[in-house]
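File shown: my_file_21.txt (compact mmCIF, C-alpha atoms).
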# COMPACT_ATOMS: atom_id res chain seq x y z
CA MET A 3 0.00 0.00 0.00
CA ASN A 4 1.55 3.32 -1.07
CA ALA A 5 1.83 6.47 1.04
CA SER A 6 -1.17 8.22 -0.53
CA ARG A 7 -3.45 5.27 0.21
CA LEU A 8 -2.20 5.09 3.80
CA THR A 9 -2.96 8.78 4.24
CA LEU A 10 -6.44 8.30 2.77
CA LEU A 11 -7.11 5.32 5.06
CA ALA A 12 -6.01 7.27 8.14
CA THR A 13 -8.31 10.13 7.17
CA LEU A 14 -11.26 7.78 6.72
CA LEU A 15 -10.62 6.08 10.06
CA CYS A 16 -10.51 9.44 11.84
CA ALA A 17 -13.73 10.50 10.14
CA ALA A 18 -15.36 7.26 11.21
CA GLY A 19 -14.33 7.85 14.82
CA PHE A 20 -11.84 5.00 15.08
CA ALA A 21 -8.96 7.29 16.04
CA GLN A 22 -9.30 9.08 19.35
CA ALA A 23 -7.80 12.50 19.95
CA ASP A 24 -5.22 13.00 22.68
CA LEU A 25 -6.19 14.91 25.79
CA LYS A 26 -4.73 18.40 26.05
CA ILE A 27 -4.23 20.06 29.43
CA GLY A 28 -3.05 23.66 29.59
CA VAL A 29 -0.95 24.73 32.58
CA ILE A 30 -0.15 28.33 33.52
CA ALA A 31 2.48 28.91 36.21
CA SER A 32 4.65 31.83 37.32
CA SER A 33 8.01 30.16 36.72
CA THR A 34 9.67 33.58 36.52
CA GLY A 35 9.01 36.95 38.20
CA VAL A 36 8.31 37.85 41.82
CA THR A 37 6.12 34.78 42.43
CA ALA A 38 8.54 32.24 40.93
CA VAL A 39 9.15 30.70 44.37
CA VAL A 40 5.54 29.57 44.21
CA GLY A 41 5.30 28.95 40.47
CA MET A 42 8.43 26.86 39.85
CA PRO A 43 7.29 23.89 41.98
CA GLN A 44 3.99 24.02 40.12
CA LYS A 45 5.72 23.93 36.74
CA ASN A 46 8.11 21.19 37.90
CA THR A 47 5.26 19.02 39.14
CA VAL A 48 3.74 18.76 35.67
CA ALA A 49 6.46 16.21 34.84
CA LEU A 50 4.99 13.97 37.58
CA LEU A 51 1.42 14.05 36.26
CA PRO A 52 0.02 11.00 34.44
CA ALA A 53 1.03 10.67 30.78
CA GLU A 54 -2.07 8.59 30.10
CA ILE A 55 -5.56 8.73 31.59
CA GLY A 56 -8.42 6.44 30.66
CA GLY A 57 -6.42 4.98 27.78
CA GLN A 58 -5.79 8.43 26.32
CA LYS A 59 -2.39 10.05 25.95
CA VAL A 60 -2.19 13.38 27.79
CA GLU A 61 -0.32 16.38 26.40
CA TYR A 62 0.52 19.09 28.95
CA ILE A 63 1.14 22.54 27.48
CA VAL A 64 2.93 24.65 30.09
CA LEU A 65 3.16 28.44 29.77
CA ASP A 66 4.86 31.00 32.04
CA ASP A 67 2.96 34.20 32.92
CA ALA A 68 6.07 35.78 34.53
CA SER A 69 3.98 36.68 37.62
CA ASP A 70 1.90 39.11 35.52
CA PRO A 71 -1.92 38.81 35.25
CA THR A 72 -1.82 40.36 31.76
CA ASN A 73 0.46 37.58 30.58
CA ALA A 74 -1.84 35.03 32.23
CA VAL A 75 -4.73 36.33 30.10
CA THR A 76 -2.60 36.15 26.95
CA ASN A 77 -1.63 32.60 27.84
CA VAL A 78 -5.15 31.41 28.55
CA LYS A 79 -6.37 32.86 25.26
CA LYS A 80 -3.61 30.97 23.45
CA LEU A 81 -4.36 27.71 25.22
CA LEU A 82 -8.07 28.00 24.48
CA SER A 83 -7.99 29.25 20.88
CA GLU A 84 -4.79 27.74 19.44
CA HIS A 85 -4.29 24.57 21.46
CA LYS A 86 -7.99 23.97 22.18
CA VAL A 87 -7.23 22.42 25.57
CA ASP A 88 -9.72 20.19 27.34
CA ALA A 89 -8.90 21.57 30.80
CA LEU A 90 -6.65 24.07 32.55
CA ILE A 91 -4.47 23.95 35.67
CA GLY A 92 -3.22 27.09 37.42
CA PRO A 93 -2.32 29.91 37.49
CA THR A 94 -0.04 30.80 40.41
CA THR A 95 -1.57 34.06 41.68
CA THR A 96 -5.07 35.17 42.61
CA PRO A 97 -5.00 38.32 40.41
CA ALA A 98 -4.07 36.18 37.41
CA ALA A 99 -6.81 33.65 38.13
CA LEU A 100 -9.45 36.36 38.49
CA ALA A 101 -8.28 37.96 35.24
CA MET A 102 -8.71 34.61 33.45
CA LEU A 103 -12.16 33.85 34.80
CA ASP A 104 -14.23 35.42 32.01
CA PHE A 105 -12.32 33.53 29.30
CA VAL A 106 -12.61 30.22 31.14
CA ALA A 107 -16.36 30.65 31.56
CA GLU A 108 -16.94 31.88 28.00
CA SER A 109 -15.10 28.88 26.54
CA LYS A 110 -16.74 26.51 29.04
CA THR A 111 -13.43 24.89 29.88
CA PRO A 112 -12.83 23.42 33.36
CA LEU A 113 -10.11 25.18 35.34
CA ILE A 114 -8.50 23.54 38.35
CA THR A 115 -6.91 26.51 40.02
CA THR A 116 -4.02 26.35 42.47
CA VAL A 117 -4.40 29.81 44.03
CA GLY A 118 -5.28 30.50 47.64
CA SER A 119 -8.20 32.90 47.44
CA SER A 120 -11.70 31.49 47.88
CA ALA A 121 -13.00 34.31 45.63
CA LEU A 122 -12.47 32.02 42.63
CA VAL A 123 -15.11 29.55 43.80
CA GLN A 124 -17.27 31.54 46.23
CA PRO A 125 -20.01 32.60 45.97
CA MET A 126 -20.91 30.13 43.21
CA ASP A 127 -22.30 31.55 39.96
CA ASP A 128 -22.41 30.76 36.23
CA LYS A 129 -18.77 31.76 35.76
CA LYS A 130 -17.30 30.09 38.82
CA LYS A 131 -19.06 26.82 38.13
CA TRP A 132 -16.23 26.10 35.66
CA VAL A 133 -13.57 26.55 38.36
CA PHE A 134 -12.34 23.98 40.90
CA LYS A 135 -9.67 24.58 43.51
CA THR A 136 -6.95 22.45 45.10
CA THR A 137 -5.73 25.01 47.63
CA GLN A 138 -7.46 25.36 50.99
CA ASN A 139 -10.05 28.14 51.10
CA ASP A 140 -9.08 31.15 53.18
CA ASP A 141 -11.78 30.56 55.78
CA LEU A 142 -10.55 27.01 56.44
CA ILE A 143 -7.04 28.33 57.14
CA ALA A 144 -8.29 31.38 59.06
CA GLU A 145 -10.33 29.15 61.35
CA ALA A 146 -7.21 27.26 62.46
CA VAL A 147 -5.15 30.45 62.86
CA ILE A 148 -7.83 32.13 64.97
CA GLU A 149 -8.21 29.03 67.12
CA HIS A 150 -4.47 29.06 67.80
CA MET A 151 -4.52 32.79 68.58
CA THR A 152 -7.33 32.47 71.11
CA LYS A 153 -5.73 29.45 72.78
CA THR A 154 -2.40 31.26 73.19
CA GLY A 155 -3.78 34.49 74.65
CA VAL A 156 -3.73 36.79 71.62
CA LYS A 157 -6.24 39.63 72.01
CA THR A 158 -5.14 42.24 69.45
CA ILE A 159 -3.89 41.82 65.88
CA GLY A 160 -2.02 43.91 63.36
CA PHE A 161 -2.88 42.99 59.74
CA ILE A 162 -0.68 43.59 56.71
CA GLY A 163 -1.43 42.13 53.29
CA PHE A 164 -0.90 42.53 49.57
CA ASN A 165 -2.67 45.50 48.02
CA ASP A 166 -4.38 43.21 45.51
CA PRO A 167 -7.19 40.60 45.50
CA TYR A 168 -5.12 38.16 47.61
CA GLY A 169 -4.65 40.57 50.50
CA GLU A 170 -8.07 42.14 50.19
CA ASN A 171 -9.91 38.83 50.16
CA TRP A 172 -7.92 37.66 53.16
CA TYR A 173 -8.92 40.76 55.13
CA LYS A 174 -12.53 40.33 54.04
CA VAL A 175 -12.55 36.73 55.29
CA PHE A 176 -10.31 37.05 58.33
CA SER A 177 -11.59 40.22 59.99
CA PRO A 178 -15.21 39.14 60.71
CA MET A 179 -14.04 35.69 61.86
CA ALA A 180 -11.51 37.30 64.21
CA GLU A 181 -14.10 39.73 65.57
CA LYS A 182 -16.55 36.89 66.21
CA ALA A 183 -13.83 35.10 68.20
CA GLY A 184 -13.28 38.18 70.37
CA LEU A 185 -10.07 39.32 68.66
CA LYS A 186 -9.55 42.94 67.67
CA ILE A 187 -7.67 44.14 64.58
CA ILE A 188 -6.03 47.39 65.70
CA ALA A 189 -3.87 48.10 62.62
CA ASN A 190 -4.49 47.39 58.94
CA GLU A 191 -1.76 47.95 56.32
CA ARG A 192 -1.04 47.04 52.66
CA PHE A 193 1.99 46.66 50.38
CA THR A 194 2.60 45.55 46.79
CA ARG A 195 4.31 42.39 45.62
CA THR A 196 7.18 44.41 44.16
CA ASP A 197 7.81 46.79 47.09
CA GLN A 198 11.43 46.99 48.24
CA SER A 199 10.55 48.56 51.60
CA VAL A 200 7.64 48.42 54.03
CA THR A 201 9.24 50.48 56.78
CA GLY A 202 6.32 52.91 56.99
CA GLN A 203 3.78 50.15 57.35
CA ALA A 204 5.93 48.30 59.91
CA LEU A 205 6.28 51.41 62.07
CA LYS A 206 2.50 51.89 62.07
CA LEU A 207 2.03 48.27 63.12
CA LEU A 208 4.61 48.67 65.90
CA SER A 209 3.00 51.83 67.21
CA ALA A 210 -0.32 49.99 67.59
CA ARG A 211 1.38 47.35 69.81
CA PRO A 212 -0.62 44.29 68.70
CA ASP A 213 -0.17 40.95 70.44
CA ALA A 214 0.32 39.33 67.03
CA VAL A 215 0.77 40.36 63.40
CA PHE A 216 -0.95 38.49 60.58
CA ILE A 217 0.69 38.74 57.13
CA ALA A 218 -1.48 37.99 54.08
CA ALA A 219 1.08 37.54 51.31
CA THR A 220 2.70 34.81 49.23
CA GLY A 221 6.14 33.56 48.28
CA GLY A 222 9.29 35.65 48.65
CA PRO A 223 7.52 39.02 49.10
CA ALA A 224 5.94 37.69 52.33
CA VAL A 225 9.38 37.71 53.96
CA LEU A 226 9.74 41.51 53.67
CA PRO A 227 7.19 42.68 56.30
CA GLN A 228 8.28 39.96 58.73
CA ALA A 229 11.97 40.84 58.36
CA THR A 230 11.19 44.55 58.74
CA LEU A 231 9.14 44.01 61.88
CA LEU A 232 11.96 41.99 63.41
CA GLU A 233 14.51 44.63 62.44
CA LYS A 234 12.39 47.33 64.12
CA GLY A 235 12.15 45.36 67.34
CA TYR A 236 8.76 43.65 67.22
CA LYS A 237 8.58 40.88 69.85
CA GLY A 238 5.07 39.49 69.32
CA ARG A 239 3.93 36.45 67.38
CA ILE A 240 3.89 36.56 63.57
CA TYR A 241 1.42 34.48 61.59
CA GLN A 242 1.50 33.91 57.84
CA THR A 243 -1.07 32.47 55.44
CA HIS A 244 -0.59 29.22 53.53
CA GLY A 245 0.82 31.43 50.78
CA VAL A 246 4.26 30.78 52.33
CA ALA A 247 3.87 27.02 52.63
CA THR A 248 7.22 26.20 51.07
CA ASN A 249 10.76 25.45 52.18
CA ASP A 250 11.91 28.30 49.94
CA PHE A 251 10.22 30.75 52.34
CA ILE A 252 12.62 29.53 55.04
CA ARG A 253 15.61 29.62 52.69
CA LEU A 254 14.81 33.21 51.74
CA GLY A 255 13.99 34.37 55.25
CA GLY A 256 16.59 32.44 57.23
CA ALA A 257 16.75 33.34 60.91
CA ARG A 258 14.32 36.20 60.30
CA VAL A 259 11.41 33.78 59.88
CA GLU A 260 12.20 31.50 62.83
CA GLY A 261 9.06 31.12 64.93
CA THR A 262 6.67 31.88 62.08
CA LEU A 263 3.25 30.36 62.72
CA MET A 264 1.11 29.11 59.86
CA ALA A 265 -1.89 26.91 59.18
CA GLY A 266 -1.26 25.04 55.96
CA GLY A 267 -1.49 21.83 54.03
CA PRO A 268 -0.18 18.67 55.73
CA MET A 269 2.26 17.80 52.92
CA LEU A 270 5.03 19.98 54.38
CA VAL A 271 5.03 17.94 57.59
CA ALA A 272 3.96 14.61 56.12
CA ASP A 273 6.43 12.52 58.12
CA GLY A 274 4.93 13.85 61.36
CA LEU A 275 1.35 12.91 60.49
CA PRO A 276 -0.27 9.96 62.31
CA ALA A 277 0.03 6.63 60.51
CA ASN A 278 -3.76 6.42 60.10
CA ASN A 279 -3.98 9.77 58.31
CA PRO A 280 -5.03 8.96 54.71
CA ILE A 281 -3.12 11.94 53.33
CA LYS A 282 0.23 10.76 54.71
CA ALA A 283 1.00 8.06 52.13
CA VAL A 284 -0.05 10.23 49.17
CA ALA A 285 1.98 13.19 50.43
CA GLN A 286 5.05 11.05 51.07
CA GLY A 287 4.70 9.50 47.60
CA TYR A 288 4.62 12.94 46.02
CA ILE A 289 7.64 14.12 48.03
CA LYS A 290 9.63 11.02 47.06
CA ALA A 291 8.86 11.43 43.37
CA TYR A 292 9.54 15.18 43.36
CA GLU A 293 12.81 14.98 45.29
CA ALA A 294 14.04 12.09 43.14
CA LYS A 295 13.76 14.42 40.15
CA TYR A 296 14.61 17.83 41.62
CA GLY A 297 16.65 17.20 44.78
CA ALA A 298 16.13 16.76 48.51
CA GLY A 299 14.25 19.49 50.36
CA SER A 300 12.87 20.99 47.15
CA THR A 301 9.16 20.23 47.64
CA SER A 302 6.47 22.79 48.45
CA THR A 303 2.76 22.64 48.97
CA PHE A 304 2.31 24.70 45.81
CA GLY A 305 3.65 21.85 43.71
CA ALA A 306 1.43 19.49 45.68
CA ASN A 307 -1.60 21.57 44.68
CA THR A 308 -0.72 20.91 41.03
CA PHE A 309 -0.19 17.23 41.82
CA ASP A 310 -3.66 17.09 43.39
CA ALA A 311 -5.11 18.73 40.28
CA GLY A 312 -3.67 15.80 38.34
CA LEU A 313 -5.26 13.33 40.76
CA LEU A 314 -8.66 14.98 40.34
CA LEU A 315 -8.36 14.87 36.55
CA GLY A 316 -7.26 11.25 36.78
CA LYS A 317 -10.55 10.40 38.49
CA ALA A 318 -12.83 12.64 36.42
CA ILE A 319 -11.52 12.12 32.87
CA PRO A 320 -12.49 8.42 32.60
CA GLU A 321 -16.04 9.39 33.56
CA ALA A 322 -16.13 12.17 30.96
CA LEU A 323 -14.77 9.80 28.28
CA LYS A 324 -17.90 7.68 28.69
CA LYS A 325 -19.94 10.59 27.33
CA ALA A 326 -17.79 12.37 24.74
CA LYS A 327 -14.43 12.58 22.99
CA PRO A 328 -11.62 15.00 23.91
CA GLY A 329 -11.47 18.20 21.93
CA THR A 330 -15.23 18.75 21.99
CA PRO A 331 -17.51 21.06 23.99
CA GLU A 332 -19.43 17.96 25.10
CA PHE A 333 -16.29 16.47 26.64
CA ARG A 334 -15.44 19.68 28.51
CA ALA A 335 -18.99 19.85 29.91
CA ALA A 336 -18.85 16.18 30.92
CA LEU A 337 -15.47 16.74 32.57
CA ARG A 338 -16.85 19.68 34.56
CA ASP A 339 -19.75 17.53 35.73
CA ALA A 340 -17.41 14.68 36.68
CA LEU A 341 -15.17 17.00 38.69
CA GLU A 342 -18.22 18.34 40.53
CA ALA A 343 -19.16 14.75 41.41
CA THR A 344 -15.75 14.05 43.03
CA LYS A 345 -16.08 12.14 46.30
CA GLU A 346 -13.36 11.42 48.90
CA VAL A 347 -10.40 11.71 46.52
CA VAL A 348 -7.30 11.63 48.73
CA GLY A 349 -4.57 14.03 47.64
CA ALA A 350 -1.23 15.19 48.96
CA GLN A 351 -2.89 18.25 50.48
CA GLY A 352 -6.28 17.05 51.60
CA VAL A 353 -9.34 14.96 50.81
CA PHE A 354 -11.66 16.31 48.11
CA THR A 355 -15.45 15.98 48.02
CA MET A 356 -17.04 18.48 45.63
CA THR A 357 -20.67 19.61 45.45
CA PRO A 358 -22.47 22.06 43.13
CA GLN A 359 -21.93 24.78 45.76
CA ASN A 360 -18.46 23.71 46.94
CA HIS A 361 -15.76 23.44 44.27
CA ASN A 362 -12.94 23.21 46.80
CA GLY A 363 -14.22 20.20 48.69
CA MET A 364 -11.58 20.24 51.44
CA ASP A 365 -12.26 19.92 55.16
CA ALA A 366 -10.24 20.20 58.38
CA ARG A 367 -8.08 17.27 57.27
CA ALA A 368 -6.48 19.67 54.77
CA ARG A 369 -4.81 21.91 57.36
CA VAL A 370 -2.46 21.67 60.32
CA MET A 371 -0.78 24.30 62.48
CA MET A 372 2.97 24.46 61.99
CA THR A 373 5.91 26.65 62.89
CA VAL A 374 9.44 27.29 61.67
CA LYS A 375 11.85 25.72 64.14
CA GLY A 376 15.53 25.13 63.50
CA GLY A 377 15.10 26.06 59.84
CA LYS A 378 12.31 23.54 59.24
CA TRP A 379 8.54 23.46 59.23
CA MET A 380 7.40 21.52 62.29
CA LEU A 381 3.96 20.45 63.49
CA VAL A 382 2.58 22.49 66.37
CA GLN A 383 1.54 19.89 68.93
Can you turn what I pasted into structure tokens?
Amino acid sequence: MNASRLTLLATLLCAAGFAQADLKIGVIASSTGVTAVVGMPQKNTVALLPAEIGGQKVEYIVLDDASDPTNAVTNVKKLLSEHKVDALIGPTTTPAALAMLDFVAESKTPLITTVGSSALVQPMDDKKKWVFKTTQNDDLIAEAVIEHMTKTGVKTIGFIGFNDPYGENWYKVFSPMAEKAGLKIIANERFTRTDQSVTGQALKLLSARPDAVFIAATGGPAVLPQATLLEKGYKGRIYQTHGVATNDFIRLGGARVEGTLMAGGPMLVADGLPANNPIKAVAQGYIKAYEAKYGAGSTSTFGANTFDAGLLLGKAIPEALKKAKPGTPEFRAALRDALEATKEVVGAQGVFTMTPQNHNGMDARARVMMTVKGGKWMLVQ
């Protein structure tokens, strides 16, 4: 059979539906720029995601937004229009995810986001119904932080966060929960991700004399206010969000972040989890695979969020394949429905059970209190 006949036969088989299209998953991560400490583990983790799901080969198309929401929008447009992806994972920052939301909803493409803010999935509406989330919602983390504060005698709090949707959403969530628990926020400051100094804000926090300071920031920039407070003589407790749940935060901050308190995903302290904790084995498996490829001590919960996105797709895609073929609107809709039907999927960061109103699906098993002690994240007993 000559080449032209082979080509004709292949074309006829495809037209008849005998050849199935590969799955395409688009990934957006900030592997460069100010949020690269968070984005690089996410990009690196893609290499650990399944190459085949439900008998279908999976192609991952990874793009860098350079920590810029405008680039994230450009990337998502490219993934949707040129690559015609079946699903999306990412991005790294809340502003980027919010900027992408309209395009995700318009194209009706499921997005499994790895950002912290609950604003991507709450309150549920026609746009957000296409978004699922593998990072703990702010209120779940805030609940644990506030519980620790009340148990340890904290009465007054100084708040400092990013001057963007991440910081603003954290204040919106945290402040009423703190007030309900009898805690009082007596100072409220903001800074940008690219600021080189927060001396003015730190001095205002110091003058208010709070029992504790809560920093709502992510990655490397979260070190700046903590280091400045220490330099200016602050002696109270400092809490961070799960936006610093990475060993790189300790490498960047060094002695300046010793004693940091944080509620975050259990992956960072997996070895200290009880043997009967279902997350322990999955988290340890992820750590082993990641460190075998990228080196000891290189894991972060941000990479684990991407890994969990892969686990969710691994469960949902076979269900969607029963209804439609990849590359079609019908498949994307079926995949969205299958993700929403997720029940008790154990990940490296938590256990996921989605509902039509809850596209995060994590419970208290997805968070533990930890502190930096001796240059390591340690469980708070």
Spatial neighbours of Glu321 (chain A), max dist 9 Å, all atoms listed in the file, sep filter under 4 positions, as a list in words: Gly56, Lys317, Lys325, Ala336, Leu337 and Ala340 of chain A
Gly266 (chain A) environment, 8 Å, all atoms listed in the file, sequence neighbours closer than 5 positions dropped, as a ChimeraX atom specification: /A:138,143,243-244,247,368-372
Selected residues written out with C-alpha atoms, as an mmCIF file, in the frame of the given file:
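Result file follows (result-v5.cif):
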data_model
loop_
_atom_site.group_PDB
_atom_site.id
_atom_site.type_symbol
_atom_site.label_atom_id
_atom_site.label_comp_id
_atom_site.auth_asym_id
_atom_site.auth_seq_id
_atom_site.Cartn_x
_atom_site.Cartn_y
_atom_site.Cartn_z
ATOM 1 C CA GLN A 138 -7.460 25.360 50.990
ATOM 2 C CA ILE A 143 -7.040 28.330 57.140
ATOM 3 C CA THR A 243 -1.070 32.470 55.440
ATOM 4 C CA HIS A 244 -0.590 29.220 53.530
ATOM 5 C CA ALA A 247 3.870 27.020 52.630
ATOM 6 C CA ALA A 368 -6.480 19.670 54.770
ATOM 7 C CA ARG A 369 -4.810 21.910 57.360
ATOM 8 C CA VAL A 370 -2.460 21.670 60.320
ATOM 9 C CA MET A 371 -0.780 24.300 62.480
ATOM 10 C CA MET A 372 2.970 24.460 61.990
#
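Straight-line separation from CA of His150 (chain A) to CA of Phe304 (chain A): 23.4 Å.
Using all atoms listed in the file, the nearest neighbour of Thr158 (chain A) within the list A:Glu145, A:Asp213, A:Asp128, A:Glu170 is A:Asp213.
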Nearest to Gly92 (chain A), chosen from A:Thr220, A:Thr115, A:Thr136, A:Thr154, with all atoms listed in the file counted in the distances: A:Thr115
Pairwise distance for CA of Val40 (chain A) and CA of Arg334 (chain A), rounded to one decimal in Å: 28.0 Å
Distance criterion (only C-alpha atoms): nearest to Asp88 (chain A) out of A:Leu113, A:Leu381, A:Leu263, A:Ala224: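 Among the listed residues, A:Leu113 lies closest to Asp88 (chain A).
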Counting all atoms listed in the file, the option among A:Thr344, A:Asn165, A:Asn360, A:Thr262 closest to Val382 (chain A): A:Thr262
Non-local contacts of Leu275 (chain A) (12 Å; all atoms listed in the file; under 3 positions in same chain excluded) as number ranges by chain: A: 267-272, 278-286, 367-372, 380-383
Residues within 9 Å of (4.7, 19.1, 32.8), counting all atoms listed in the file, listed as a list of chain:residue names: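 The residues that fall inside the cut-off are A:Val29, A:Gln44, A:Lys45, A:Asn46, A:Thr47, A:Val48, A:Ala49, A:Leu50, A:Leu51, A:Glu61, A:Tyr62, A:Ile63, A:Val64.
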Resulting file, chosen residues, C-alpha atoms, as a short mmCIF file (atom, residue, chain, number, x, y, z; two decimals), in the frame of the given file:
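Okay, out_6.cif is ready:
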data_model
loop_
_atom_site.label_atom_id
_atom_site.label_comp_id
_atom_site.auth_asym_id
_atom_site.auth_seq_id
_atom_site.Cartn_x
_atom_site.Cartn_y
_atom_site.Cartn_z
CA VAL A 29 -0.95 24.73 32.58
CA GLN A 44 3.99 24.02 40.12
CA LYS A 45 5.72 23.93 36.74
CA ASN A 46 8.11 21.19 37.90
CA THR A 47 5.26 19.02 39.14
CA VAL A 48 3.74 18.76 35.67
CA ALA A 49 6.46 16.21 34.84
CA LEU A 50 4.99 13.97 37.58
CA LEU A 51 1.42 14.05 36.26
CA GLU A 61 -0.32 16.38 26.40
CA TYR A 62 0.52 19.09 28.95
CA ILE A 63 1.14 22.54 27.48
CA VAL A 64 2.93 24.65 30.09
#
Separation of CA of Gly221 (chain A) from CA of Leu142 (chain A), in Å and rounded to one decimal: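 Interatomic distance here is 19.7 Å.
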Among listed residues A:Tyr241, A:Phe251, A:Tyr288, A:Trp172, nearest Val147 (chain A) (using only C-alpha atoms): A:Tyr241
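For the choices A:Asp365, A:Leu314, A:Glu181, A:Leu208, the atom-to-atom distance to Lys237 (chain A) is smallest for A:Leu208 when using all atoms listed in the file.
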Polymer residues at most 9 Å from Pro71 (chain A), only C-alpha atoms, same-chain spacing of 2 or more positions, as JSON, numbers by chain: {"A": [67, 68, 69, 73, 74, 75, 76, 95, 96, 97, 98, 99, 100, 101, 102]}
Exercise: residues within 8 Å of coordinate (-2.3, 39.1, 54.7), counting only C-alpha atoms, as a list in words: Phe161, Ile162, Gly163, Phe164, Tyr168, Gly169, Glu170, Trp172, Tyr173, Phe216, Ile217, Ala218, Ala219, Gln242 and Thr243 of chain A
